[in-house]
Amino acid sequence: MRADRLVSLVLLLRRHGRLTAGALARELEVSTRTVLRDIEALSAAGVPVYAERGRHGGFALLPGFRTELTGLNHDEALALLAAGSGRGEQVFGLGPALASALRKVVDALPESHRATADDAAQRFLVDPETDLLSRRQVTEGVSGTTMTVVRRAVLAGHRLRIRYAAAGQEPRWRTVDPIGLVTVRDRAYLLATRSGEDRTYRLSRVLTAEELPEAARRPNRVDLDRIWRERSARFLSGGDHVAVSVRVDPARREELLDTVLAVRAEEPDADGRLRLEVTFQDLRHAEWALWRLGTDAEALSPRTLRASLHDRAVALAARYGPSS
């Protein structure tokens, strides 16, 4: 861990030229005292780092010093920098590792490409916190400690003991065999088995996690994409989920899709509208979602949904109709 931090410290100095101990401490997420000890260790190892006194002083490297890192071409580095420009650092608790990796990416570029790639990456914004309608995307919080334990067990192939708070239930302990981690729209999930049965756990509901020493009972190779599709299909076909046929103005399509669980079919209708087959959590969920779209959407089926929307419209018209 310290070796990675020392490399990151050198890369920070190479990129910025001169930084104070306080600035280095903030970048590396350590104390100022730790930074000073790391500076001493670098000097003892022969890295030409020196201190400049005064108001604008700090630590710097002798001009021309370069670390030995594998080079990347311009587009490879740009792809990584663009990926790091969004909120990916929140996924699976890998923020510090991503920051360190991106510093290495920039340093690995040829001098002639470094400035242009860094500038180009600033022209990309991936998955901002709000969309054009100022709707803020909600990112579920996961304890850093819990995330680290879960991630370590998944990669090491060890069993996990988790204290999990399922919706509407009291938290309780479960021992699971982890298969992999999935993130969807800033929600992270643990795919696992328990007593041989498939289980999917939302990581924001994992209150505590313990890595166990015994090996997880799982296959050596795994196709997470296939497993996720299969589990998603089972989820959507279970419980009280309701299938709805709806016609919608294309301009309101995205608003509709923001509320559904799944889209099963979509095709243009004769009058320019779109006809979709979608799935909602239940009838109440469907009624709420379609009511907010007003006359820009029409539920074609089921009949119970059409009836509830009709009754709601009649009640609203009566409330605002002319007084007798």
# chains A, B, ... in the order shown; residues from 1 in each chain; ligands from 1
>>> residues_around(residues="Pro178 of chain A", least_positions_apart="2", cutoff="7 Å", atoms="only C-alpha atoms", output="MDAnalysis selection string")
chainID A and resid 154 159:160 176 180 191:193 216
>>> write_last_selection(atoms="C-alpha atoms", output="PDB file, in the first residue's frame")
ATOM      1  CA  VAL A 154     -15.590 -11.709  -4.249  1.00  0.00           C
ATOM      2  CA  ARG A 159     -17.572 -16.997   1.652  1.00  0.00           C
ATOM      3  CA  LEU A 160     -19.242 -13.937   3.153  1.00  0.00           C
ATOM      4  CA  VAL A 176     -23.484 -16.500   1.224  1.00  0.00           C
ATOM      5  CA  GLY A 180     -19.752 -11.162  -8.571  1.00  0.00           C
ATOM      6  CA  LEU A 191     -24.755 -11.686  -6.912  1.00  0.00           C
ATOM      7  CA  ALA A 192     -24.418 -14.743  -4.711  1.00  0.00           C
ATOM      8  CA  THR A 193     -25.904 -18.087  -3.764  1.00  0.00           C
ATOM      9  CA  ALA A 216     -16.916 -20.005  -1.711  1.00  0.00           C
TER      10      ALA A 216
END
>>> residues_around(residues="segment 34-43 of chain A", least_positions_apart="2", cutoff="10 Å", atoms="only C-alpha atoms", output="MDAnalysis selection string")
chainID A and resid 2:3 5:7 9:10 20:26 28:32 45:51 59
>>> select_by_dssp(residues="segment 155-267 of chain A", states="strand (DSSP E)", output="PyMOL selection string")
chain A and resi 158-164+172-184+187-194+197-202+206-215+242-248+262-267
>>> write_last_selection(atoms="C-alpha atoms", output="mmCIF file, in the first residue's frame")
data_model
loop_
_atom_site.group_PDB
_atom_site.id
_atom_site.type_symbol
_atom_site.label_atom_id
_atom_site.label_comp_id
_atom_site.auth_asym_id
_atom_site.auth_seq_id
_atom_site.Cartn_x
_atom_site.Cartn_y
_atom_site.Cartn_z
ATOM 1 C CA HIS A 158 -14.188 -16.627 0.016
ATOM 2 C CA ARG A 159 -17.572 -16.997 1.652
ATOM 3 C CA LEU A 160 -19.242 -13.937 3.153
ATOM 4 C CA ARG A 161 -21.285 -13.389 6.281
ATOM 5 C CA ILE A 162 -23.479 -10.322 5.843
ATOM 6 C CA ARG A 163 -25.997 -8.542 8.027
ATOM 7 C CA TYR A 164 -28.678 -7.643 5.505
ATOM 8 C CA ARG A 172 -30.452 -10.497 10.001
ATOM 9 C CA TRP A 173 -27.240 -12.389 9.300
ATOM 10 C CA ARG A 174 -26.782 -14.535 6.195
ATOM 11 C CA THR A 175 -23.829 -16.628 5.010
ATOM 12 C CA VAL A 176 -23.484 -16.500 1.224
ATOM 13 C CA ASP A 177 -21.211 -17.642 -1.581
ATOM 14 C CA PRO A 178 -20.357 -14.498 -3.610
ATOM 15 C CA ILE A 179 -20.300 -14.732 -7.403
ATOM 16 C CA GLY A 180 -19.752 -11.162 -8.571
ATOM 17 C CA LEU A 181 -20.641 -7.475 -8.308
ATOM 18 C CA VAL A 182 -22.926 -5.526 -10.649
ATOM 19 C CA THR A 183 -23.712 -1.823 -10.839
ATOM 20 C CA VAL A 184 -26.860 -0.503 -12.542
ATOM 21 C CA ARG A 187 -27.010 0.958 -7.570
ATOM 22 C CA ALA A 188 -24.562 -1.805 -6.717
ATOM 23 C CA TYR A 189 -25.585 -5.432 -6.239
ATOM 24 C CA LEU A 190 -23.899 -8.569 -4.927
ATOM 25 C CA LEU A 191 -24.755 -11.686 -6.912
ATOM 26 C CA ALA A 192 -24.418 -14.743 -4.711
ATOM 27 C CA THR A 193 -25.904 -18.087 -3.764
ATOM 28 C CA ARG A 194 -27.176 -19.142 -0.350
ATOM 29 C CA GLU A 197 -30.167 -20.931 -4.245
ATOM 30 C CA ASP A 198 -29.589 -17.804 -6.353
ATOM 31 C CA ARG A 199 -29.635 -14.573 -4.362
ATOM 32 C CA THR A 200 -29.201 -10.912 -5.304
ATOM 33 C CA TYR A 201 -28.390 -8.389 -2.549
ATOM 34 C CA ARG A 202 -28.497 -4.614 -2.851
ATOM 35 C CA VAL A 206 -25.670 -4.670 3.616
ATOM 36 C CA LEU A 207 -25.089 -3.209 7.081
ATOM 37 C CA THR A 208 -22.038 -5.279 8.011
ATOM 38 C CA ALA A 209 -19.887 -7.815 6.185
ATOM 39 C CA GLU A 210 -17.347 -10.383 7.333
ATOM 40 C CA GLU A 211 -15.039 -12.335 5.025
ATOM 41 C CA LEU A 212 -14.842 -15.981 6.076
ATOM 42 C CA PRO A 213 -11.748 -18.147 5.583
ATOM 43 C CA GLU A 214 -13.450 -21.001 3.745
ATOM 44 C CA ALA A 215 -13.662 -21.035 -0.049
ATOM 45 C CA VAL A 242 -48.186 -5.849 -14.057
ATOM 46 C CA ALA A 243 -47.733 -5.742 -17.833
ATOM 47 C CA VAL A 244 -49.145 -2.600 -19.468
ATOM 48 C CA SER A 245 -49.728 -1.710 -23.108
ATOM 49 C CA VAL A 246 -49.412 2.044 -23.588
ATOM 50 C CA ARG A 247 -49.361 4.651 -26.351
ATOM 51 C CA VAL A 248 -47.141 7.656 -25.677
ATOM 52 C CA ALA A 262 -38.757 -3.082 -18.052
ATOM 53 C CA VAL A 263 -39.643 -2.500 -21.707
ATOM 54 C CA ARG A 264 -40.743 -5.704 -23.430
ATOM 55 C CA ALA A 265 -41.652 -4.314 -26.859
ATOM 56 C CA GLU A 266 -41.743 -0.989 -28.701
ATOM 57 C CA GLU A 267 -42.990 0.054 -32.141
#
>>> closest_residue(among="A:Glu27, A:Glu170, A:Asp249, A:Asp223", to="Ala297 of chain A", atoms="only C-alpha atoms")
A:Asp249
>>> atom_distance(atom1="atom CA of Glu255 of chain A", atom2="atom CA of Val314 of chain A")
24.3 Å
>>> atom_distance(atom1="atom CA of Asp271 of chain A", atom2="atom CA of Ala289 of chain A")
22.4 Å
>>> select_by_dssp(residues="segment 257-295 of chain A", states="alpha helix (DSSP H)", output="mmCIF file with all heavy atoms, in the first residue's frame")
data_model
loop_
_atom_site.group_PDB
_atom_site.id
_atom_site.type_symbol
_atom_site.label_atom_id
_atom_site.label_comp_id
_atom_site.auth_asym_id
_atom_site.auth_seq_id
_atom_site.Cartn_x
_atom_site.Cartn_y
_atom_site.Cartn_z
ATOM 1 N N LEU A 257 -40.095 5.867 -19.556
ATOM 2 C CA LEU A 257 -39.112 4.818 -19.308
ATOM 3 C C LEU A 257 -38.411 4.993 -17.973
ATOM 4 O O LEU A 257 -37.919 4.017 -17.400
ATOM 5 C CB LEU A 257 -38.082 4.788 -20.442
ATOM 6 C CG LEU A 257 -38.627 4.443 -21.832
ATOM 7 C CD1 LEU A 257 -37.491 4.201 -22.804
ATOM 8 C CD2 LEU A 257 -39.542 3.231 -21.781
ATOM 9 N N LEU A 283 -50.282 -2.207 -10.061
ATOM 10 C CA LEU A 283 -51.247 -1.309 -10.694
ATOM 11 C C LEU A 283 -51.157 0.117 -10.145
ATOM 12 O O LEU A 283 -51.318 1.097 -10.877
ATOM 13 C CB LEU A 283 -52.669 -1.857 -10.501
ATOM 14 C CG LEU A 283 -53.070 -2.989 -11.456
ATOM 15 C CD1 LEU A 283 -54.426 -3.562 -11.061
ATOM 16 C CD2 LEU A 283 -53.122 -2.468 -12.897
ATOM 17 N N ARG A 284 -50.905 0.226 -8.858
ATOM 18 C CA ARG A 284 -50.794 1.563 -8.265
ATOM 19 C C ARG A 284 -49.609 2.317 -8.859
ATOM 20 O O ARG A 284 -49.706 3.514 -9.152
ATOM 21 C CB ARG A 284 -50.659 1.432 -6.747
ATOM 22 C CG ARG A 284 -50.635 2.752 -6.009
ATOM 23 C CD ARG A 284 -50.555 2.533 -4.518
ATOM 24 N NE ARG A 284 -50.507 3.787 -3.794
ATOM 25 C CZ ARG A 284 -50.379 3.880 -2.479
ATOM 26 N NH1 ARG A 284 -50.297 2.769 -1.746
ATOM 27 N NH2 ARG A 284 -50.347 5.052 -1.891
ATOM 28 N N HIS A 285 -48.496 1.619 -9.046
ATOM 29 C CA HIS A 285 -47.312 2.209 -9.663
ATOM 30 C C HIS A 285 -47.632 2.646 -11.100
ATOM 31 O O HIS A 285 -47.255 3.745 -11.532
ATOM 32 C CB HIS A 285 -46.184 1.169 -9.644
ATOM 33 C CG HIS A 285 -44.928 1.622 -10.308
ATOM 34 N ND1 HIS A 285 -44.019 0.731 -10.833
ATOM 35 C CD2 HIS A 285 -44.418 2.853 -10.559
ATOM 36 C CE1 HIS A 285 -43.009 1.397 -11.364
ATOM 37 N NE2 HIS A 285 -43.225 2.692 -11.215
ATOM 38 N N ALA A 286 -48.325 1.797 -11.863
ATOM 39 C CA ALA A 286 -48.671 2.116 -13.244
ATOM 40 C C ALA A 286 -49.591 3.327 -13.323
ATOM 41 O O ALA A 286 -49.422 4.212 -14.168
ATOM 42 C CB ALA A 286 -49.326 0.903 -13.902
ATOM 43 N N GLU A 287 -50.589 3.376 -12.429
ATOM 44 C CA GLU A 287 -51.524 4.504 -12.425
ATOM 45 C C GLU A 287 -50.796 5.818 -12.155
ATOM 46 O O GLU A 287 -51.015 6.828 -12.833
ATOM 47 C CB GLU A 287 -52.609 4.273 -11.371
ATOM 48 C CG GLU A 287 -53.619 5.405 -11.294
ATOM 49 C CD GLU A 287 -54.639 5.198 -10.193
ATOM 50 O OE1 GLU A 287 -54.802 4.045 -9.753
ATOM 51 O OE2 GLU A 287 -55.256 6.198 -9.769
ATOM 52 N N TRP A 288 -49.907 5.804 -11.174
ATOM 53 C CA TRP A 288 -49.137 7.014 -10.845
ATOM 54 C C TRP A 288 -48.289 7.466 -12.031
ATOM 55 O O TRP A 288 -48.255 8.652 -12.384
ATOM 56 C CB TRP A 288 -48.230 6.731 -9.646
ATOM 57 C CG TRP A 288 -47.182 7.782 -9.442
ATOM 58 C CD1 TRP A 288 -47.317 8.984 -8.816
ATOM 59 C CD2 TRP A 288 -45.822 7.724 -9.899
ATOM 60 N NE1 TRP A 288 -46.135 9.678 -8.852
ATOM 61 C CE2 TRP A 288 -45.202 8.936 -9.515
ATOM 62 C CE3 TRP A 288 -45.077 6.780 -10.604
ATOM 63 C CZ2 TRP A 288 -43.864 9.208 -9.802
ATOM 64 C CZ3 TRP A 288 -43.746 7.045 -10.900
ATOM 65 C CH2 TRP A 288 -43.152 8.248 -10.489
ATOM 66 N N ALA A 289 -47.596 6.514 -12.682
ATOM 67 C CA ALA A 289 -46.682 6.859 -13.768
ATOM 68 C C ALA A 289 -47.418 7.429 -14.970
ATOM 69 O O ALA A 289 -46.966 8.410 -15.586
ATOM 70 C CB ALA A 289 -45.871 5.623 -14.170
ATOM 71 N N LEU A 290 -48.573 6.846 -15.328
ATOM 72 C CA LEU A 290 -49.289 7.308 -16.514
ATOM 73 C C LEU A 290 -50.090 8.575 -16.240
ATOM 74 O O LEU A 290 -50.250 9.423 -17.122
ATOM 75 C CB LEU A 290 -50.203 6.195 -17.028
ATOM 76 C CG LEU A 290 -49.464 4.954 -17.535
ATOM 77 C CD1 LEU A 290 -50.443 3.893 -18.000
ATOM 78 C CD2 LEU A 290 -48.509 5.324 -18.657
ATOM 79 N N TRP A 291 -50.574 8.727 -15.019
ATOM 80 C CA TRP A 291 -51.321 9.942 -14.680
ATOM 81 C C TRP A 291 -50.447 11.180 -14.823
ATOM 82 O O TRP A 291 -50.902 12.215 -15.314
ATOM 83 C CB TRP A 291 -51.869 9.833 -13.266
ATOM 84 C CG TRP A 291 -52.622 11.056 -12.817
ATOM 85 C CD1 TRP A 291 -52.146 12.079 -12.061
ATOM 86 C CD2 TRP A 291 -53.976 11.370 -13.128
ATOM 87 N NE1 TRP A 291 -53.120 13.023 -11.868
ATOM 88 C CE2 TRP A 291 -54.261 12.610 -12.516
ATOM 89 C CE3 TRP A 291 -54.975 10.730 -13.859
ATOM 90 C CZ2 TRP A 291 -55.502 13.223 -12.621
ATOM 91 C CZ3 TRP A 291 -56.221 11.337 -13.963
ATOM 92 C CH2 TRP A 291 -56.476 12.574 -13.352
#
>>> closest_residue(among="A:Arg15, A:Leu256, A:Arg205, A:Ala165", to="Asp296 of chain A", atoms="only C-alpha atoms")
A:Leu256
>>> atom_distance(atom1="atom CA of Thr279 of chain A", atom2="atom CA of Val260 of chain A")
5.9 Å
